[in-house]
Each structure stands twice: as structure tokens, then as C-alpha cells.
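Working notes, structure below.
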Amino acid sequence: MNNTPNSNRKHIAIFGNTNSGKSSLMNKILGQEMSLVSDVQGTTTDPVQKAMELIPVGPVLLIDTAGLEDKSELGELRMKKTMEVLRKTDVGIFVIDSSSPDYDSFEKWVIEARKFNIPFIVAANKAEVANSDIVTGLKSKYKTVIPTSTVTDCGIEELKEELVKILEKEEEEKSLIGDIVPYGGKVVMVVPIDSEAPKGRLILPQVQLIRDCLDNGIKSYVVRDTELKSALKDLKDIDLVVTDSQAFKKVSDIVPKEIKLTSFSILFARQKGDLKSFIEGVNAIRNLKPGDKVLFAESCTHNVSHEDIGRVKIPKALQKYVGGELDFEYKVGYDFAENLDKYALVIHCGACMINRKTVMNRVLKCEENKTPITNYGVVLAFLTGILDRSTEKFNIK
């Protein structure tokens with residue numbers, strides 16, 4: 001469980017004012033002292049996260065945030081980080097001090113939560129000293145209100161049970177490949193070994209696809225691009241070839257047309273985001289002109305080499321297509337542009353390091369702003385002229 005990547009866990013975030021008992025409640029849910037608890041306001045300054053197993057849902061990530069009414073020094077910056085957490089939250093818990101509630105702060109937060117389609121539970125905390133009329137009033141306005149106490153443990157188990165109910169109703173994480181390749185099918189993974197490949201190990205997308213094949217009873221074969229031709233001669237009835245996007249053109253020339261072909265990045269675009277939107281968005285490349293701003297959204301920090309896909313290869317290929325220089329900007333991790341008006345196109349990475357909620361909120365934001373968004377693998381397939389071939393397996397309409 002502890003080895004499950006955070007990007008594959010459902011994110012449960014705890015929000016509320018300073019000294020409402022957020023950190024104490026997180027510790028009770030975890031069953032351990034993880035978040036620092038103090039009577040001093042603003043003790044939690046940065047989001048604190050801890051992986052746990054929520055039976056029967058499975059591995060989840062619990063996040064404690066800074067108080068929404070943080071009046072301490074650097075409070076504005078902490079507030080910004082707290083609201084950034086909201087965009088990646090699958091289920092929210094708003095902790096309200098039911099002995100002295102701040103309705104104004106709570107109702108402002110509810111507006112933001114609903115903007116991002118986030119289901120939430122209201123924890124009417126400090127139930128041991130609460131005014132029953134306050135709890136009754138909350139229950140009349142909000143769907144799920146649970147009186148809780150970190151002193152008497154009131155409501156803690158009920159809160160966990162409600163989290164399970166909500167998460168079980170949420171859309172299940174799509175399989176990377178289990179719904180497009182039959183049980184017992186054969187998948188060939190092409191993994192070029194170049195300066196971008198980490199020494200002695202595979203990168204996360206490759207590992208996750210191998211695991212997905214194992215989970216679904218699919219036979220997987222991993223080869224370098226240099227051995228692909230001979231591997232195809234050794235194998236019969238191949239259902240799908242999956243390649244690193246950077247080797248798209250070379251692999252497409254080797255793989256016979258009757259064998260379906262796609263990339264790791266396109267598979268992740270389908271699992272973590274909206275492949276249809278990414279395919280529609282890539283057409284914006286046709287309208288790019290020199291000087292246009294293009295935003296790259298990368299989910300992880302990494303060293304940049306001369307073969308880096310987002311910093312070197314795609315920018316170089318785009319500028320060649322456009323016939324002039326473009327203005328590239330980068331946002332890394334959970335950071336994303338607040339104002340999208342200045343961008344002609346947003347290009348997202350494969351998103352193996354962030355959760356689906358984050359990507360879908362970015363897609364939604366781009367759609368609302370009428371800013372086209374696409375994905376690394378879709379861009380490279382478009383630029384190499386094999387977009388139709390690399391997406392035909394998914395029957396996108």
C-alpha cells in the first residue's frame with residue numbers, strides 16, 4: 001500500500017479556519033500523530049499529506065491544509081496553497097467549529113468546492129461543547145453533516161464510513177489498457193534507452209503499464225526500439241504496440257499497419273484526462289504563428305537533457321512546423337496558470353505524477369476559457385502524421 005504512487009490515490013483534503021480542529025481530526029482519522037497540533041493559531045502553514053489505507057476503498061492520500069482565515073505572517077501565500085489543494089481534491093472535509101462557527105468563510109469555500117465539482121462532508125467539530133441548534137441548522141442546509149469530537153472520538157468512525165460511501169460512488173480510475181486489450185492478449189512495449197532513460201530502472205509510466213497488464217491477465221513484452229523488428233517476427237497475434245512518444249515515427253515505420261499502435265502518453269491522457277479534448281485541442285497547432293505563447297504543463301520536476309520531450313523535442317518540432325519562434329512557458333507539478341487568455345495552446349504532459357482530478361479541472365478551465373489543450377503524445381503523433389493510427393484503438397467520436 002505504501003508503495004502506491006500518490007497520483008494513483010484518491011485525495012481527501014481537510015479544510016477550515018485556523019483552530020477549528022483540522023489537524024486533530026486528521027490525526028484521529030489516521031490513528032497517529034502526523035499533523036502538528038497547537039492552541040496557537042496558524043500552526044499548519046503548508047499542506048501536510050499522509051498516505052493511508054481506507055478499507056475497503058484502498059490507498060488514499062489525506063491532506064491537512066492551512067486555515068482559511070490565516071491572519072499570521074505569510075497568510076496570503078498559505079491561503080493560495082490551500083486553494084491549490086482544492087483543485088486536486090477528490091473528496092473534501094470542511095471542519096467547522098460548531099461551538100463558534102464562521103459561516104462566511106465556510107460559504108465562500110463551498111462556492112469554490114462546487115466550482116470544481118468536489119463532493120464534501122461538513123465535520124461539525126468540537127461536538128462536546130457544541131450548540132445543538134447550530135448543528136441542526138447546518139444539517140438543514142447541507143447534505144452531509146457529521147458532528148465530530150477529537151476529545152470524545154464522537155463521529156470519527158461515521159466520518160470514515162461516509163468517506164467510503166462517497167469514494168465508492170466516484171468514477172473508478174480507468175484501466176490503462178484492460179478495457180481495450182482482451183484477457184490473454186499480447187502487448188509489446190517499446191522502451192528506447194537514451195539519455196532520458198534513468199539508469200538501472202524503468203520510468204513510472206512503463207512500470208504502471210506493466211502492472212496494469214498483469215492485473216488484467218495481459219501478456220506484456222518489453223523491448224528496445226533497436227530490437228523491435230526482430231521481436232515482431234518472434235511474436236504472433238499482437239494486440240497492441242505501445243511506444244515512448246519520442247520514438248513514434250521510427251516505431252510506426254517498423255510496425256506493420258495491421259497492428260494497432262499507440263504511446264504511453266496517449267494511454268495516460270485517456271486515463272488521467274480527456275483524450276477527446278486533447279485530440280480536438282491539437283488542431284490548434286494548425287493556427288499557430290510565430291510569437292504565439294504556448295504553455296507546457298509538466299507534472300514533475302526533472303533534469304533537462306538535449307533529448308527532453310517537453311523542453312527540447314516538442315518545442316523544436318513545433319517551431320519547425322510553424323516556421324518561426326514561439327514563446328514557451330512552463331508550469332510544473334500542481335502549479336498551473338491562473339490567466340489563460342495569453343496562451344494560444346496548452347500542452348500537458350502524460351500526467352503520471354498527478355491525479356485525474358487535477359487534470360480534469362485543468363481541461364475544464366481551458367474549455368471555459370476557450371483555450372485549446374492537448375497532450376505530449378497527441379502532439380507528437382500529430383506532428384509525425386500518425387495521429388489517426390495512434391488513436392484508432394479508442395474509437396474516439
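As shown in the C-alpha cells, the chain order sets the letters A, B, ...; within each chain, residues go from 1, and ligands are also counted from 1 in the order they appear.
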Going by DSSP on the backbone, which bits of stretch 118-293 of chain A are helix (DSSP H, G or I)? Write them as a short mmCIF file (atom, residue, chain, number, x, y, z; two decimals) with N, CA and C atoms, in the first residue's frame, please.
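Written file, result-v9.cif:
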```
data_model
loop_
_atom_site.label_atom_id
_atom_site.label_comp_id
_atom_site.auth_asym_id
_atom_site.auth_seq_id
_atom_site.Cartn_x
_atom_site.Cartn_y
_atom_site.Cartn_z
N ALA A 127 -17.88 18.82 19.02
CA ALA A 127 -19.26 18.46 19.36
C ALA A 127 -19.49 18.38 20.86
N GLU A 128 -18.42 18.18 21.62
CA GLU A 128 -18.57 18.05 23.08
C GLU A 128 -18.99 19.37 23.73
N VAL A 129 -18.79 20.49 23.01
CA VAL A 129 -19.20 21.79 23.58
C VAL A 129 -20.11 22.54 22.60
N SER A 132 -26.46 22.64 19.96
CA SER A 132 -27.22 21.71 19.12
C SER A 132 -28.00 22.42 18.02
N ASP A 133 -28.40 23.66 18.27
CA ASP A 133 -29.13 24.42 17.25
C ASP A 133 -28.24 24.71 16.04
N ILE A 134 -26.96 24.92 16.30
CA ILE A 134 -26.01 25.19 15.21
C ILE A 134 -25.88 23.95 14.32
N VAL A 135 -25.73 22.79 14.92
CA VAL A 135 -25.62 21.54 14.16
C VAL A 135 -26.90 21.28 13.37
N THR A 136 -28.05 21.50 14.00
CA THR A 136 -29.34 21.31 13.32
C THR A 136 -29.45 22.25 12.12
N GLY A 137 -29.01 23.49 12.29
CA GLY A 137 -29.05 24.46 11.19
C GLY A 137 -28.16 24.04 10.02
N LEU A 138 -27.00 23.51 10.34
CA LEU A 138 -26.08 23.04 9.28
C LEU A 138 -26.70 21.86 8.52
N LYS A 139 -27.33 20.95 9.27
CA LYS A 139 -27.93 19.78 8.64
C LYS A 139 -29.10 20.15 7.72
N SER A 140 -29.75 21.26 8.01
CA SER A 140 -30.88 21.68 7.18
C SER A 140 -30.41 22.27 5.85
N LYS A 141 -29.14 22.71 5.80
CA LYS A 141 -28.64 23.37 4.59
C LYS A 141 -27.72 22.49 3.75
N ILE A 156 -15.97 10.01 14.53
CA ILE A 156 -14.78 9.70 13.73
C ILE A 156 -15.03 8.50 12.81
N GLU A 157 -15.59 7.44 13.37
CA GLU A 157 -15.88 6.26 12.55
C GLU A 157 -16.96 6.55 11.52
N GLU A 158 -17.97 7.33 11.92
CA GLU A 158 -19.03 7.71 10.99
C GLU A 158 -18.46 8.53 9.82
N LEU A 159 -17.49 9.39 10.12
CA LEU A 159 -16.83 10.19 9.09
C LEU A 159 -16.10 9.29 8.10
N LYS A 160 -15.39 8.30 8.60
CA LYS A 160 -14.68 7.37 7.72
C LYS A 160 -15.67 6.60 6.85
N GLU A 161 -16.75 6.16 7.44
CA GLU A 161 -17.76 5.41 6.68
C GLU A 161 -18.36 6.27 5.56
N GLU A 162 -18.58 7.54 5.84
CA GLU A 162 -19.13 8.44 4.82
C GLU A 162 -18.13 8.68 3.71
N LEU A 163 -16.85 8.76 4.06
CA LEU A 163 -15.80 8.89 3.04
C LEU A 163 -15.81 7.69 2.10
N VAL A 164 -15.96 6.52 2.67
CA VAL A 164 -16.01 5.30 1.87
C VAL A 164 -17.20 5.33 0.91
N LYS A 165 -18.37 5.73 1.41
CA LYS A 165 -19.57 5.79 0.57
C LYS A 165 -19.37 6.73 -0.62
N ILE A 166 -18.79 7.90 -0.35
CA ILE A 166 -18.59 8.88 -1.42
C ILE A 166 -17.58 8.37 -2.44
N LEU A 167 -16.47 7.83 -1.96
CA LEU A 167 -15.42 7.36 -2.87
C LEU A 167 -15.87 6.18 -3.70
N GLU A 168 -16.70 5.33 -3.14
CA GLU A 168 -17.20 4.17 -3.90
C GLU A 168 -18.16 4.61 -5.01
N LYS A 169 -18.81 5.75 -4.82
CA LYS A 169 -19.71 6.26 -5.85
C LYS A 169 -18.95 7.01 -6.94
N LEU A 204 8.08 5.64 -14.40
CA LEU A 204 6.78 5.30 -13.82
C LEU A 204 5.72 4.88 -14.84
N PRO A 205 5.54 5.58 -15.98
CA PRO A 205 4.51 5.14 -16.93
C PRO A 205 4.74 3.71 -17.43
N GLN A 206 5.98 3.34 -17.63
CA GLN A 206 6.29 1.99 -18.10
C GLN A 206 5.97 0.96 -17.02
N VAL A 207 6.34 1.26 -15.80
CA VAL A 207 6.06 0.35 -14.68
C VAL A 207 4.55 0.19 -14.49
N GLN A 208 3.82 1.30 -14.56
CA GLN A 208 2.38 1.24 -14.33
C GLN A 208 1.66 0.46 -15.44
N LEU A 209 2.14 0.57 -16.66
CA LEU A 209 1.51 -0.18 -17.74
C LEU A 209 1.79 -1.68 -17.59
N ILE A 210 2.99 -2.02 -17.21
CA ILE A 210 3.31 -3.44 -16.96
C ILE A 210 2.39 -3.98 -15.87
N ARG A 211 2.21 -3.22 -14.80
CA ARG A 211 1.35 -3.65 -13.69
C ARG A 211 -0.10 -3.78 -14.17
N ASP A 212 -0.56 -2.86 -15.00
CA ASP A 212 -1.93 -2.91 -15.49
C ASP A 212 -2.14 -4.16 -16.35
N CYS A 213 -1.13 -4.51 -17.12
CA CYS A 213 -1.21 -5.75 -17.91
C CYS A 213 -1.31 -6.96 -16.99
N LEU A 214 -0.49 -6.98 -15.95
CA LEU A 214 -0.53 -8.10 -15.00
C LEU A 214 -1.89 -8.19 -14.31
N ASP A 215 -2.44 -7.05 -13.92
CA ASP A 215 -3.74 -7.02 -13.25
C ASP A 215 -4.86 -7.56 -14.12
N ASP A 225 13.68 -0.09 -28.98
CA ASP A 225 13.34 0.16 -30.37
C ASP A 225 14.30 -0.54 -31.32
N THR A 226 15.54 -0.75 -30.87
CA THR A 226 16.55 -1.40 -31.72
C THR A 226 16.27 -2.89 -31.91
N GLU A 227 15.48 -3.50 -31.01
CA GLU A 227 15.15 -4.93 -31.15
C GLU A 227 13.69 -5.14 -31.55
N LEU A 228 12.97 -4.07 -31.83
CA LEU A 228 11.54 -4.19 -32.12
C LEU A 228 11.27 -5.04 -33.35
N LYS A 229 12.01 -4.83 -34.41
CA LYS A 229 11.75 -5.55 -35.67
C LYS A 229 11.86 -7.06 -35.47
N SER A 230 12.90 -7.50 -34.77
CA SER A 230 13.07 -8.94 -34.55
C SER A 230 12.02 -9.47 -33.57
N ALA A 231 11.61 -8.65 -32.60
CA ALA A 231 10.58 -9.06 -31.65
C ALA A 231 9.25 -9.31 -32.36
N LEU A 232 8.92 -8.46 -33.33
CA LEU A 232 7.67 -8.64 -34.08
C LEU A 232 7.69 -9.93 -34.91
N LYS A 233 8.86 -10.36 -35.31
CA LYS A 233 8.97 -11.63 -36.04
C LYS A 233 8.78 -12.82 -35.11
N ASP A 234 9.20 -12.64 -33.84
CA ASP A 234 9.10 -13.73 -32.87
C ASP A 234 7.66 -13.96 -32.38
N SER A 245 6.65 8.16 -26.76
CA SER A 245 6.24 9.13 -27.79
C SER A 245 7.40 9.63 -28.63
N GLN A 246 8.57 9.71 -28.02
CA GLN A 246 9.72 10.25 -28.74
C GLN A 246 10.15 9.36 -29.91
N ALA A 247 9.78 8.09 -29.86
CA ALA A 247 10.16 7.16 -30.91
C ALA A 247 9.01 6.86 -31.86
N PHE A 248 7.95 7.66 -31.80
CA PHE A 248 6.73 7.42 -32.58
C PHE A 248 7.01 7.13 -34.06
N LYS A 249 7.71 8.03 -34.71
CA LYS A 249 7.91 7.92 -36.15
C LYS A 249 8.70 6.67 -36.50
N LYS A 250 9.78 6.43 -35.77
CA LYS A 250 10.63 5.27 -36.04
C LYS A 250 9.84 3.98 -35.83
N VAL A 251 9.09 3.91 -34.72
CA VAL A 251 8.32 2.71 -34.40
C VAL A 251 7.19 2.51 -35.41
N SER A 252 6.55 3.59 -35.81
CA SER A 252 5.47 3.49 -36.80
C SER A 252 5.95 2.92 -38.12
N ASP A 253 7.17 3.26 -38.50
CA ASP A 253 7.73 2.73 -39.74
C ASP A 253 8.03 1.23 -39.65
N ILE A 254 8.29 0.76 -38.42
CA ILE A 254 8.64 -0.66 -38.22
C ILE A 254 7.39 -1.53 -38.06
N PHE A 264 2.63 5.53 -24.60
CA PHE A 264 2.40 5.59 -23.15
C PHE A 264 1.65 6.88 -22.81
N SER A 265 2.07 7.98 -23.42
CA SER A 265 1.47 9.28 -23.12
C SER A 265 0.00 9.35 -23.51
N ILE A 266 -0.35 8.75 -24.63
CA ILE A 266 -1.75 8.75 -25.06
C ILE A 266 -2.59 7.87 -24.13
N LEU A 267 -2.04 6.76 -23.67
CA LEU A 267 -2.77 5.92 -22.72
C LEU A 267 -3.04 6.67 -21.42
N PHE A 268 -2.04 7.43 -20.95
CA PHE A 268 -2.23 8.20 -19.73
C PHE A 268 -3.16 9.38 -19.95
N ALA A 269 -3.13 9.95 -21.16
CA ALA A 269 -4.06 11.04 -21.48
C ALA A 269 -5.49 10.55 -21.37
N ARG A 270 -5.71 9.32 -21.77
CA ARG A 270 -7.04 8.70 -21.72
C ARG A 270 -7.44 8.38 -20.29
N GLN A 271 -6.48 7.89 -19.49
CA GLN A 271 -6.79 7.51 -18.11
C GLN A 271 -6.92 8.72 -17.19
N LYS A 272 -6.00 9.68 -17.32
CA LYS A 272 -5.94 10.79 -16.39
C LYS A 272 -6.72 12.02 -16.86
N LEU A 275 -9.16 12.36 -23.53
CA LEU A 275 -8.45 12.16 -24.79
C LEU A 275 -9.16 12.87 -25.94
N LYS A 276 -10.49 12.87 -25.91
CA LYS A 276 -11.24 13.55 -26.98
C LYS A 276 -10.90 15.03 -27.01
N SER A 277 -10.85 15.67 -25.84
CA SER A 277 -10.50 17.09 -25.77
C SER A 277 -9.07 17.34 -26.25
N PHE A 278 -8.17 16.43 -25.91
CA PHE A 278 -6.78 16.58 -26.32
C PHE A 278 -6.63 16.45 -27.85
N ILE A 279 -7.41 15.55 -28.44
CA ILE A 279 -7.36 15.38 -29.89
C ILE A 279 -7.94 16.61 -30.59
N GLU A 280 -9.03 17.13 -30.04
CA GLU A 280 -9.62 18.35 -30.60
C GLU A 280 -8.65 19.53 -30.43
N GLY A 281 -7.99 19.59 -29.28
CA GLY A 281 -7.09 20.70 -28.98
C GLY A 281 -5.87 20.75 -29.86
N VAL A 282 -5.39 19.58 -30.30
CA VAL A 282 -4.15 19.55 -31.07
C VAL A 282 -4.30 20.26 -32.42
N ASN A 283 -5.53 20.38 -32.88
CA ASN A 283 -5.76 21.06 -34.16
C ASN A 283 -5.39 22.54 -34.10
N ALA A 284 -5.26 23.09 -32.89
CA ALA A 284 -4.84 24.49 -32.75
C ALA A 284 -3.44 24.71 -33.29
N ILE A 285 -2.66 23.64 -33.39
CA ILE A 285 -1.30 23.77 -33.94
C ILE A 285 -1.35 24.32 -35.36
N ARG A 286 -2.40 23.96 -36.10
CA ARG A 286 -2.52 24.43 -37.48
C ARG A 286 -2.60 25.96 -37.56
N ASN A 287 -3.08 26.58 -36.48
CA ASN A 287 -3.28 28.03 -36.49
C ASN A 287 -2.19 28.81 -35.76
#
```
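Of the residues in stretch 71-157 of chain A, those given strand (DSSP E or B) by DSSP on the backbone are Val91, Gly92, Ile93, Phe94, Val95, Ile96, Asp97, Phe120, Ile121, Val122, Ala123, Ala124, Asn125, Val145, Ile146 and Pro147 of chain A.
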Note to self: Measuring between only C-alpha atoms, which one of A:Lys393, A:Glu368, A:Gln319, A:Thr358 shows the shortest distance to A:Leu340?
What the structure shows: A:Glu368
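The two atoms in question, atom CA of A:Thr82 and atom CA of A:Asn17, are spaced 11.2 Å apart.
The shell of residues at most 9 Å from A:Gly310, with only C-alpha atoms counted and near chain neighbours (fewer than 3 positions) removed, consists of A:Phe296, A:Ala297, A:Glu298, A:Lys313, A:Ile314, A:Pro315, A:Ile347, A:Cys349, A:Tyr376.
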Next item on the list: Identify which of the residues A:Glu69, A:Pro59, A:Gly92, A:Lys126 lies closest to A:Leu25, counting only C-alpha atoms when measuring atom-to-atom distances.
Entry: A:Lys126
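Taking only C-alpha atoms into account, A:Gly58 lies nearest to A:Thr4 out of the set A:Thr4, A:Leu288, A:Met26, A:Asp102.
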Report as a short mmCIF file (atom, residue, chain, number, x, y, z; two decimals) with N, CA and C atoms, in the first residue's frame all protein, DNA and RNA residues lying within 9 Å of stretch 386-388 of chain A, evaluated on only C-alpha atoms, omitting residues in the same chain fewer than 2 positions from it.
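So the final result, stored in around29.cif, reads:
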```cif
data_model
loop_
_atom_site.label_atom_id
_atom_site.label_comp_id
_atom_site.auth_asym_id
_atom_site.auth_seq_id
_atom_site.Cartn_x
_atom_site.Cartn_y
_atom_site.Cartn_z
N PHE A 248 7.95 7.66 -31.80
CA PHE A 248 6.73 7.42 -32.58
C PHE A 248 7.01 7.13 -34.06
N LYS A 249 7.71 8.03 -34.71
CA LYS A 249 7.91 7.92 -36.15
C LYS A 249 8.70 6.67 -36.50
N SER A 252 6.55 3.59 -35.81
CA SER A 252 5.47 3.49 -36.80
C SER A 252 5.95 2.92 -38.12
N THR A 262 0.04 2.76 -30.32
CA THR A 262 -0.21 3.98 -29.56
C THR A 262 1.01 4.28 -28.69
N ILE A 279 -7.41 15.55 -28.44
CA ILE A 279 -7.36 15.38 -29.89
C ILE A 279 -7.94 16.61 -30.59
N VAL A 378 -0.18 13.17 -28.01
CA VAL A 378 -1.08 13.58 -29.10
C VAL A 378 -0.36 14.56 -30.02
N VAL A 379 0.41 15.48 -29.44
CA VAL A 379 1.16 16.44 -30.25
C VAL A 379 2.18 15.73 -31.14
N LEU A 380 2.93 14.81 -30.56
CA LEU A 380 3.96 14.13 -31.35
C LEU A 380 3.34 13.24 -32.43
N ALA A 381 2.20 12.63 -32.11
CA ALA A 381 1.51 11.83 -33.13
C ALA A 381 1.02 12.73 -34.27
N PHE A 382 0.51 13.91 -33.93
CA PHE A 382 0.04 14.87 -34.93
C PHE A 382 1.20 15.33 -35.81
N LEU A 383 2.30 15.69 -35.18
CA LEU A 383 3.44 16.24 -35.93
C LEU A 383 4.14 15.20 -36.79
N THR A 384 4.01 13.93 -36.43
CA THR A 384 4.62 12.87 -37.23
C THR A 384 3.63 12.24 -38.20
N SER A 390 -2.58 6.20 -34.19
CA SER A 390 -2.26 6.02 -32.77
C SER A 390 -3.47 6.13 -31.85
N THR A 391 -4.61 6.57 -32.38
CA THR A 391 -5.80 6.71 -31.54
C THR A 391 -6.98 5.86 -32.03
N GLU A 392 -6.80 5.11 -33.13
CA GLU A 392 -7.93 4.36 -33.69
C GLU A 392 -8.42 3.25 -32.76
#
```
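Here atom CA of A:Pro101 stands at a distance of 26.8 Å from atom CA of A:Gln32.
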Check: Nearest to A:Val191 among A:Ile354, A:Val322, A:Ile146, A:Val242, with distances taken over only C-alpha atoms: which residue is it?
Finding: A:Val242
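Nearest to A:Met353 of all the residues A:Ser299, A:Asn125, A:Asn375, A:Thr152 is A:Ser299, based on only C-alpha atoms.
For the atom pair formed by atom CA of A:Lys357 and atom CA of A:Lys88, the distance is 5.3 Å, given to one decimal.
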